[in-house]
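Below is one structure, written out as structure tokens, with a few remarks after it.
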Amino acid sequence: MMSAEPIDTIVIGGGLHGLSAALHLARAGRRVVVLERSWVGRHASGASAAGVRTLNRHPAEIPISLEAMDMWSNIEAIVGDHCGFHANGQILVAEHPRHVPVLEQRLASTQAAGYRHEELIDRAELLRLVPAISPHCTAALVARQDGAADPHRTLQAFRRSAEAAGVVINEGFGVTAVERCGSDWRVSTGQRDFVAPTIVNAAGAWAGRIAAMIGDDIPLGHKASMMIVTERVAPLLKPVTSVVGRPLSFKQSDQGTLVIGGGLQGRADIDRQKSFVNFAELAKAARAATDLFPSVGTVRIVRTWTGMEAKTDDYLPIVGASPVASGVFHAFGFSGHGFQLVPVVGAILADLIVHGATTRSIERLSADRFLRRRAAE
Amino acid sequence: MSRRVDLLIVGAGPAGLSAAVMARRHGLDVLVVDEQPAPGGQIWRNIEAVSGTPRAAILGKAYGDGIDVVRRFRTSGARYEPGTRVWQVEPGPRAYMTRNGTASCIEAGCLLLATGAQERPAPFPGWTLPGVMTVGAAQIALKSSGQIPSGPVWIAGCGPLPLLYAAQLLKAGGRIAGFLDTTPPGRMTAALPKLSAAAFAVPFDLLKGMGWLAAVRRRVPYVPRVTEIEAIGGDAVERLRYVTADGRSATVAAHLLLVHEGLVPTIHPTLALDCLHVWNPDQDCFMPQLDGWGETSEPGVFVAGDGAGIGGAAAACLRGEIAALRIAARTGRLSDAGAAAVAEPIRTRLRRALAIRPFLDRLFRPRADLFVPVDRTIACRCEEVNVASIRAQAAAGRPGPNQVKAFTRAGMGPCQGRQCNYTVAHVLAATEGRTVPDVGLYRVRPPWKPVTLSELAALDTTDMA
């Protein structure tokens, strides 16, 4: 059975990037359908630590990340809800003097490129910002306008505003095939087929399979980043804290729980759409957390989990038009740091689809870089 | 931090102890870990200390019988590590646990989960007030330290346990303000056809149950056919309101209310392992899908005892022995045919021990209203989410429990959803016109028992210097 109403764009994947693209397209007057295999936010978006971070990003991402930061400061105007976002800063700590040069070099390179969002602070300022941190810590790099949001609240806000803008979200619609249909694309699901001239591939950990359906053979790995959440504790710290040379991202949620990540990897079973925690590995994050915040040792862990997403060889996402299939636009491979980019990447896709181009800097995020590399091999 | 054993048994109740004895008989290297300081599980809690004392007489024969099993376990040669909290099991099988403040990991040839049952969560308005507790918890206090409540208690519920506890409490000199029997009308008539088979097999159990009921009805105010209860109070329960099937309602002073609506298998460990589960319509609960030896869908992981479906202590012992035989055969200590031959008479005794179950399940099946409490009832006590909030989510779409968890925080607290998973499933099923097995339960996010950050940190032995 075919869809009755004409559609301009089919968005494959009901995660945050899919919803953001759908929202921006619908606000530009496009008729958009989102196809989500299970339910909105089922995988990486719902499992995200929801860090809103410009700090220590790859130079290729900095321009769009800074724009995304402006959008986050204004997020209520965009999606009608503050998304639980607080700009309490993100901090990268140097524990020992030998770690300080890492921060100095980083700062020098971003300042040389003309960026001013990062700042090097000494122990005194670090202890002022994060009084609970162990006094052995020496210095830190800070991005004061950074922060963190609430992933579930963000999902609901993007979903509601997308639907309010006219986006039709179909949950339980897994894509089985994507084929040319004249100059349009036909997207088949277990339920019915959808036809539209343009497609957004925001299928997260499974985006490589969607890309292969339209002829883009992009080498992709996977991540199953693990997270720890503890019981609620009294207010302990405001900024999101990470540390040089160790796997740790440490923050306190609005509810008072401690949320601990840092990119440690569990095991992903992509075919079964399941992922599993590896406690021997996760123990490293617990150790880093208790080393940096000695007072939290007795705090009970209530939950751990993993979220699955796609990882590229260079840890940069793929954002932009397919090099081989006209009408197909990719947004995936965020490699563990896509949450902050959600508002801006949706706007970029809308630029590309509505205007055929964008003024935002995405040259180094093109799928070409992998296709070319393969051709050269 | 990693050790290896042939058989790791989690739980030192009837099933775990019996399995350990059987496995040792066939020469396996066996480690039994248990949260409590002494063997016996919940049913035989503290039996080594109590056996032979006057308290043993109060607790009765079924309790006292446990000492034989515990003594055989003590001399079996199985290693035993009490005070150990297992908080995650992984395929392998591999188990993570904490003892004396330090986490460790054990690799096992086979893993037997003998983790028993939990009391069925049965929320009602006011159930989270101090002064409301479960009959099971009160009975544990009686077994482990001889505690009897200082004032008169109200007991409300359905099933053998409230009757047994009431009889024990009276013998121990406790006072009961009243007994609210929530068994629905007509249950005896419905259950009787199931009795013919059971009566010849285990008349003792039936006589025992009738004896408790008679003792309670003779000595305390007894209110049958109670359909609703509510605990009322400010900082603690002060009054108790109840309604009976004929519409009669009363509000009485109450400072301690004990409730119980049956047992359900502990399935967090097998849910965490992603084992297949089946719905048991006779006991209104999920249980792991097991083969005839108690093996789950995860190779090498077995379940015995009430965790395999509520069957009582005698059945638990036998299921433990059957699982141990299969595990012994796995390690080559016994041929498959040998294991089958030894298991045969045990299976006959198991059938006999379970013969009364259909009768009990039918007689003590909870009233239907129990599962979907009124809107103002708290469903998740950890995060204080009420039934109305769950229902509101269902009205906004057809979400499953995991989505409701994300949006309401129900099930995100330290109990890991043990107290609210069935309530959320029932409320969603009722609101969305689905069945509970179709709705399912929350995914279990490990650890299934809380572990502290420093305990987990101790697992990391990387040199940071």
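Starting from 1 in every chain, residues are counted up; chains themselves are A, B, ... following the order of the structure tokens, and ligands are numbered from 1 as listed.
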- Task: Please report as number ranges by chain which residues of chain A come no farther than 6 Å from chain B, using only C-alpha atoms.
- Result: A: 283-284, 286-287, 297-304
Do you know which residues are at most 7 Å from Ser249 (chain A) counting only C-alpha atoms, after dropping those on the same chain fewer than 6 positions away, and could you put them as a VMD selection string?
chain A and resid 240 to 242 260 to 262
Here CA of Ala47 (chain A) and CA of Arg381 (chain B) stand apart by 23.4 Å
**Study point:** strand (DSSP E or B) residues, from DSSP on the backbone, in region 206-302 of chain B, as an MDAnalysis selection string
**Key:** chainID B and resid 222:223 226:232 239:244 249:253 257:260 263:265 277:280 285:288 295 301:302
Expected file: the selected residues, N, CA and C atoms, as a tab-separated table (two decimals), in the first residue's frame:
chain	number	residue	atom	x	y	z
B	222	TYR	N	-12.40	-11.08	62.86
B	222	TYR	CA	-12.09	-11.55	61.51
B	222	TYR	C	-13.12	-10.96	60.54
B	223	VAL	N	-12.65	-10.23	59.53
B	223	VAL	CA	-13.55	-9.61	58.56
B	223	VAL	C	-13.31	-10.26	57.20
B	226	VAL	N	-12.95	-8.63	52.21
B	226	VAL	CA	-12.57	-7.22	52.14
B	226	VAL	C	-12.13	-6.91	50.71
B	227	THR	N	-12.67	-5.82	50.17
B	227	THR	CA	-12.37	-5.49	48.77
B	227	THR	C	-11.46	-4.27	48.62
B	228	GLU	N	-11.40	-3.43	49.64
B	228	GLU	CA	-10.57	-2.22	49.53
B	228	GLU	C	-9.96	-1.93	50.88
B	229	ILE	N	-8.71	-1.47	50.89
B	229	ILE	CA	-8.14	-0.95	52.12
B	229	ILE	C	-7.43	0.37	51.83
B	230	GLU	N	-7.36	1.20	52.85
B	230	GLU	CA	-6.64	2.46	52.73
B	230	GLU	C	-6.01	2.78	54.07
B	231	ALA	N	-4.73	3.15	54.05
B	231	ALA	CA	-4.05	3.57	55.27
B	231	ALA	C	-4.07	5.10	55.30
B	232	ILE	N	-4.47	5.64	56.45
B	232	ILE	CA	-4.65	7.09	56.56
B	232	ILE	C	-3.78	7.59	57.70
B	239	ARG	N	-5.05	5.60	60.98
B	239	ARG	CA	-6.34	4.92	60.81
B	239	ARG	C	-6.29	4.01	59.59
B	240	LEU	N	-7.20	3.07	59.60
B	240	LEU	CA	-7.30	2.12	58.50
B	240	LEU	C	-8.76	2.12	58.06
B	241	ARG	N	-8.99	2.29	56.78
B	241	ARG	CA	-10.36	2.23	56.27
B	241	ARG	C	-10.46	0.99	55.39
B	242	TYR	N	-11.55	0.26	55.55
B	242	TYR	CA	-11.75	-0.89	54.65
B	242	TYR	C	-13.18	-0.99	54.20
B	243	VAL	N	-13.37	-1.65	53.08
B	243	VAL	CA	-14.70	-1.83	52.50
B	243	VAL	C	-14.85	-3.31	52.20
B	244	THR	N	-16.02	-3.87	52.47
B	244	THR	CA	-16.23	-5.29	52.19
B	244	THR	C	-17.13	-5.45	50.96
B	249	SER	N	-18.45	-0.29	55.05
B	249	SER	CA	-17.17	0.39	55.18
B	249	SER	C	-16.94	0.75	56.63
B	250	ALA	N	-15.70	0.70	57.06
B	250	ALA	CA	-15.39	1.05	58.45
B	250	ALA	C	-14.04	1.71	58.50
B	251	THR	N	-13.86	2.62	59.43
B	251	THR	CA	-12.56	3.24	59.67
B	251	THR	C	-12.19	2.98	61.12
B	252	VAL	N	-11.00	2.42	61.32
B	252	VAL	CA	-10.60	2.00	62.66
B	252	VAL	C	-9.21	2.56	62.96
B	253	ALA	N	-8.90	2.71	64.23
B	253	ALA	CA	-7.56	3.15	64.62
B	253	ALA	C	-6.56	2.04	64.28
B	257	LEU	N	-0.02	-1.83	60.28
B	257	LEU	CA	-0.82	-2.59	59.33
B	257	LEU	C	0.12	-3.49	58.54
B	258	LEU	N	-0.15	-4.78	58.56
B	258	LEU	CA	0.66	-5.75	57.81
B	258	LEU	C	-0.16	-6.25	56.64
B	259	VAL	N	0.43	-6.19	55.46
B	259	VAL	CA	-0.31	-6.60	54.27
B	259	VAL	C	0.44	-7.70	53.52
B	260	HIS	N	-0.31	-8.51	52.78
B	260	HIS	CA	0.31	-9.57	51.98
B	260	HIS	C	-0.70	-10.06	50.96
B	263	LEU	N	2.93	-14.37	46.76
B	263	LEU	CA	4.34	-14.28	46.36
B	263	LEU	C	4.45	-14.34	44.85
B	264	VAL	N	5.50	-13.72	44.34
B	264	VAL	CA	5.84	-13.87	42.91
B	264	VAL	C	7.33	-14.19	42.82
B	265	PRO	N	7.72	-14.93	41.78
B	265	PRO	CA	9.14	-15.29	41.65
B	265	PRO	C	10.02	-14.04	41.51
B	277	HIS	N	11.08	-15.34	29.28
B	277	HIS	CA	10.16	-15.48	30.40
B	277	HIS	C	8.77	-15.82	29.86
B	278	VAL	N	7.99	-16.48	30.69
B	278	VAL	CA	6.61	-16.81	30.30
B	278	VAL	C	5.67	-16.27	31.37
B	279	TRP	N	4.45	-16.04	30.96
B	279	TRP	CA	3.42	-15.56	31.87
B	279	TRP	C	2.72	-16.75	32.50
B	280	ASN	N	2.61	-16.73	33.81
B	280	ASN	CA	1.89	-17.80	34.51
B	280	ASN	C	0.51	-17.27	34.89
B	285	CYS	N	1.84	-13.88	37.27
B	285	CYS	CA	3.22	-13.38	37.32
B	285	CYS	C	4.02	-13.93	36.15
B	286	PHE	N	5.16	-13.31	35.91
B	286	PHE	CA	6.11	-13.85	34.94
B	286	PHE	C	7.04	-14.82	35.65
B	287	MET	N	7.53	-15.78	34.91
B	287	MET	CA	8.58	-16.64	35.44
B	287	MET	C	9.52	-17.01	34.29
B	288	PRO	N	10.78	-17.34	34.63
B	288	PRO	CA	11.70	-17.69	33.56
B	288	PRO	C	11.25	-18.97	32.84
B	295	GLU	N	16.95	-25.30	33.49
B	295	GLU	CA	17.87	-24.44	32.75
B	295	GLU	C	17.09	-23.37	31.98
B	301	VAL	N	22.82	-21.36	32.78
B	301	VAL	CA	22.16	-20.62	33.87
B	301	VAL	C	20.87	-21.34	34.23
B	302	PHE	N	20.79	-21.76	35.49
B	302	PHE	CA	19.65	-22.53	35.98
B	302	PHE	C	18.89	-21.74	37.05
Identify, on the basis of only C-alpha atoms, every residue whose closest approach to Ile12 (chain A) does not exceed 9 Å; exclude the query and any residue fewer than 4 positions from it along the same chain; express the result as a list in words. Gly18, Val33, Val34, Leu35, Glu36, Arg37, Gly174, Val175, Ile199, Val200, Asn201, Ala202, Ala203, Ala207 and Ile210 of chain A
### Query
region 18-82 of chain B: which residues are alpha helix (DSSP H) by DSSP, as a VMD selection string?
chain B and resid 18 to 25 47 to 50 54 to 59 61 to 64 66 to 74
Output for the residues just chosen: C-alpha atoms as a JSON list (two decimals), in the first residue's frame:
[["chain", "number", "residue", "atom", "x", "y", "z"],
["B", 18, "SER", "CA", 19.74, -28.82, 48.40],
["B", 19, "ALA", "CA", 21.43, -28.18, 45.07],
["B", 20, "ALA", "CA", 24.77, -27.65, 46.84],
["B", 21, "VAL", "CA", 24.44, -30.94, 48.73],
["B", 22, "MET", "CA", 23.58, -32.85, 45.55],
["B", 23, "ALA", "CA", 26.32, -31.24, 43.49],
["B", 24, "ARG", "CA", 28.92, -31.96, 46.19],
["B", 25, "ARG", "CA", 27.76, -35.59, 46.25],
["B", 47, "ILE", "CA", 17.18, -21.69, 61.79],
["B", 48, "GLU", "CA", 20.55, -22.71, 63.22],
["B", 49, "ALA", "CA", 20.16, -20.29, 66.12],
["B", 50, "VAL", "CA", 16.46, -20.88, 66.69],
["B", 54, "PRO", "CA", 11.04, -22.15, 72.43],
["B", 55, "ARG", "CA", 10.84, -19.88, 69.39],
["B", 56, "ALA", "CA", 11.09, -22.94, 67.14],
["B", 57, "ALA", "CA", 7.88, -24.29, 68.67],
["B", 58, "ILE", "CA", 6.12, -21.00, 67.92],
["B", 59, "LEU", "CA", 7.32, -21.00, 64.31],
["B", 61, "LYS", "CA", 7.14, -27.79, 62.08],
["B", 62, "ALA", "CA", 7.64, -26.53, 58.51],
["B", 63, "TYR", "CA", 10.18, -24.08, 59.88],
["B", 64, "GLY", "CA", 11.88, -26.57, 62.18],
["B", 66, "GLY", "CA", 14.80, -26.80, 57.76],
["B", 67, "ILE", "CA", 17.53, -27.66, 60.24],
["B", 68, "ASP", "CA", 18.15, -31.05, 58.61],
["B", 69, "VAL", "CA", 18.77, -29.48, 55.21],
["B", 70, "VAL", "CA", 21.01, -26.81, 56.71],
["B", 71, "ARG", "CA", 23.07, -29.39, 58.62],
["B", 72, "ARG", "CA", 23.56, -31.54, 55.51],
["B", 73, "PHE", "CA", 24.69, -28.40, 53.69],
["B", 74, "ARG", "CA", 27.14, -27.51, 56.45]]
Residue neighbourhood region 352-359 of chain A, 12 Å, only C-alpha atoms, exclusion window fewer than 4 positions, as a PyMOL selection string
chain A and resi 8-11+21-22+24-32+63-64+197-200+319-322+326-331+344-348+363
Using the selection just defined, write its residues with N, CA, C and O atoms as a CSV table (one decimal), in the first residue's frame.
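The result, written out as result.csv:
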chain,number,residue,atom,x,y,z
A,8,ASP,N,7.1,15.4,1.1
A,8,ASP,CA,8.3,16.0,0.6
A,8,ASP,C,9.6,15.3,1.1
A,8,ASP,O,10.5,15.0,0.3
A,9,THR,N,9.6,15.0,2.4
A,9,THR,CA,10.8,14.3,2.9
A,9,THR,C,10.5,13.2,3.9
A,9,THR,O,9.6,13.4,4.7
A,10,ILE,N,11.1,12.1,3.7
A,10,ILE,CA,11.0,11.0,4.6
A,10,ILE,C,12.2,11.0,5.5
A,10,ILE,O,13.4,10.9,5.0
A,11,VAL,N,12.0,11.1,6.8
A,11,VAL,CA,13.2,11.1,7.8
A,11,VAL,C,13.2,9.6,8.3
A,11,VAL,O,12.2,9.2,8.9
A,21,ALA,N,15.8,17.5,12.3
A,21,ALA,CA,15.7,17.7,10.8
A,21,ALA,C,14.2,17.8,10.4
A,21,ALA,O,13.9,18.8,9.7
A,22,ALA,N,13.4,17.0,11.0
A,22,ALA,CA,12.0,17.0,10.6
A,22,ALA,C,11.4,18.3,11.0
A,22,ALA,O,10.6,19.0,10.3
A,24,HIS,N,12.9,21.3,11.5
A,24,HIS,CA,13.3,22.4,10.7
A,24,HIS,C,12.7,22.4,9.3
A,24,HIS,O,12.3,23.4,8.8
A,25,LEU,N,12.6,21.2,8.8
A,25,LEU,CA,12.0,21.1,7.4
A,25,LEU,C,10.5,21.5,7.5
A,25,LEU,O,10.0,22.2,6.6
A,26,ALA,N,9.8,21.0,8.5
A,26,ALA,CA,8.3,21.3,8.5
A,26,ALA,C,8.1,22.8,8.7
A,26,ALA,O,7.2,23.4,8.2
A,27,ARG,N,9.0,23.5,9.5
A,27,ARG,CA,8.9,24.9,9.7
A,27,ARG,C,9.2,25.7,8.4
A,27,ARG,O,8.8,26.8,8.2
A,28,ALA,N,10.0,25.0,7.5
A,28,ALA,CA,10.2,25.6,6.2
A,28,ALA,C,9.1,25.3,5.2
A,28,ALA,O,9.3,25.5,4.0
A,29,GLY,N,8.0,24.7,5.7
A,29,GLY,CA,6.9,24.4,4.9
A,29,GLY,C,6.9,23.0,4.2
A,29,GLY,O,6.0,22.8,3.4
A,30,ARG,N,7.8,22.2,4.6
A,30,ARG,CA,7.9,20.9,3.9
A,30,ARG,C,6.9,19.9,4.6
A,30,ARG,O,6.8,20.0,5.9
A,31,ARG,N,6.4,18.9,3.9
A,31,ARG,CA,5.6,17.9,4.5
A,31,ARG,C,6.5,16.7,4.8
A,31,ARG,O,7.2,16.2,3.9
A,32,VAL,N,6.6,16.4,6.1
A,32,VAL,CA,7.6,15.4,6.5
A,32,VAL,C,7.0,14.3,7.3
A,32,VAL,O,6.1,14.4,8.1
A,63,PRO,N,32.9,25.3,14.5
A,63,PRO,CA,31.9,26.4,14.1
A,63,PRO,C,30.5,26.0,14.3
A,63,PRO,O,29.7,26.8,14.8
A,64,ILE,N,30.1,24.8,13.9
A,64,ILE,CA,28.7,24.5,14.1
A,64,ILE,C,28.3,24.2,15.6
A,64,ILE,O,27.2,24.5,16.0
A,197,PRO,N,10.5,12.7,-2.7
A,197,PRO,CA,11.8,13.1,-3.5
A,197,PRO,C,13.0,13.1,-2.6
A,197,PRO,O,14.1,12.9,-3.2
A,198,THR,N,12.9,13.3,-1.3
A,198,THR,CA,14.1,13.4,-0.5
A,198,THR,C,13.9,12.6,0.8
A,198,THR,O,12.9,12.3,1.3
A,199,ILE,N,15.1,12.1,1.2
A,199,ILE,CA,15.2,11.3,2.4
A,199,ILE,C,16.3,11.8,3.3
A,199,ILE,O,17.4,12.3,2.8
A,200,VAL,N,16.0,11.8,4.6
A,200,VAL,CA,17.1,12.1,5.6
A,200,VAL,C,17.4,10.8,6.3
A,200,VAL,O,16.5,10.1,6.8
A,319,VAL,N,27.5,14.5,7.8
A,319,VAL,CA,26.4,15.4,7.7
A,319,VAL,C,26.4,16.0,6.3
A,319,VAL,O,27.4,16.6,5.9
A,320,GLY,N,25.4,15.7,5.5
A,320,GLY,CA,25.4,16.3,4.2
A,320,GLY,C,24.7,15.4,3.2
A,320,GLY,O,24.3,14.3,3.5
A,321,ALA,N,24.8,15.8,1.9
A,321,ALA,CA,24.1,15.1,0.8
A,321,ALA,C,25.0,13.8,0.5
A,321,ALA,O,26.2,13.8,0.6
A,322,SER,N,24.3,12.8,0.1
A,322,SER,CA,24.9,11.6,-0.3
A,322,SER,C,25.8,11.9,-1.6
A,322,SER,O,25.3,12.6,-2.5
A,326,SER,N,21.2,11.3,-5.4
A,326,SER,CA,20.6,12.6,-5.3
A,326,SER,C,19.3,12.5,-4.5
A,326,SER,O,18.5,11.6,-4.6
A,327,GLY,N,19.1,13.5,-3.6
A,327,GLY,CA,17.9,13.5,-2.8
A,327,GLY,C,18.0,12.8,-1.4
A,327,GLY,O,17.1,12.8,-0.6
A,328,VAL,N,19.2,12.2,-1.2
A,328,VAL,CA,19.4,11.5,0.1
A,328,VAL,C,20.4,12.4,0.9
A,328,VAL,O,21.5,12.7,0.4
A,329,PHE,N,20.1,12.6,2.2
A,329,PHE,CA,20.9,13.4,3.1
A,329,PHE,C,21.2,12.7,4.3
A,329,PHE,O,20.3,12.1,5.0
A,330,HIS,N,22.5,12.6,4.7
A,330,HIS,CA,22.9,11.9,5.9
A,330,HIS,C,23.1,12.7,7.1
A,330,HIS,O,23.6,13.9,7.0
A,331,ALA,N,22.8,12.2,8.3
A,331,ALA,CA,23.2,12.8,9.6
A,331,ALA,C,23.3,11.7,10.6
A,331,ALA,O,22.4,11.2,11.2
A,344,VAL,N,21.5,22.4,15.5
A,344,VAL,CA,22.1,23.0,14.3
A,344,VAL,C,22.1,22.1,13.2
A,344,VAL,O,21.9,22.5,12.0
A,345,VAL,N,22.3,20.8,13.4
A,345,VAL,CA,22.4,19.8,12.3
A,345,VAL,C,21.0,19.7,11.6
A,345,VAL,O,20.9,19.6,10.4
A,346,GLY,N,19.9,19.8,12.4
A,346,GLY,CA,18.6,19.9,11.8
A,346,GLY,C,18.4,21.1,10.9
A,346,GLY,O,17.9,21.0,9.8
A,347,ALA,N,19.0,22.2,11.3
A,347,ALA,CA,18.9,23.4,10.5
A,347,ALA,C,19.7,23.3,9.2
A,347,ALA,O,19.3,23.7,8.1
A,348,ILE,N,20.9,22.6,9.3
A,348,ILE,CA,21.8,22.4,8.2
A,348,ILE,C,21.0,21.5,7.1
A,348,ILE,O,21.0,21.8,5.9
A,363,GLU,N,32.1,21.2,5.5
A,363,GLU,CA,33.0,20.6,4.4
A,363,GLU,C,33.6,19.3,4.9
A,363,GLU,O,33.7,18.3,4.2
Spatial neighbours of Arg53 (chain A), max dist 12 Å, only C-alpha atoms, sep filter under 6 positions, as an NGL selection string: :A and (61-62 or 64-70 or 72 or 85-92 or 117-118 or 142-149 or 239-242 or 249 or 336-342)
inquiry  = At a cut-off of 12 Å, using only C-alpha atoms, what residues contact region 93-101 of chain A? Leave out same-chain residues fewer than 2 positions from it and give the result as a ChimeraX atom specification.
reply    = /A:55-56,90-91,103-108,119-123,125-127,129-130,133-143,239-250,288,291-293 /B:464-465
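If you look at CA of Ile43 (chain B) and CA of Thr75 (chain B), they are 20.7 Å away from each other.
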Using only C-alpha atoms, the residue out of B:Val372, B:Ala316, B:Ile327, B:Val33 with shortest distance to Leu350 (chain B) is B:Ala316
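For Ile390 (chain B), the list of residues within 8 Å, based on only C-alpha atoms and with local chain neighbours fewer than 6 positions off taken out, reads Val404, Thr408, Val424, Val427 and Leu428 of chain B.
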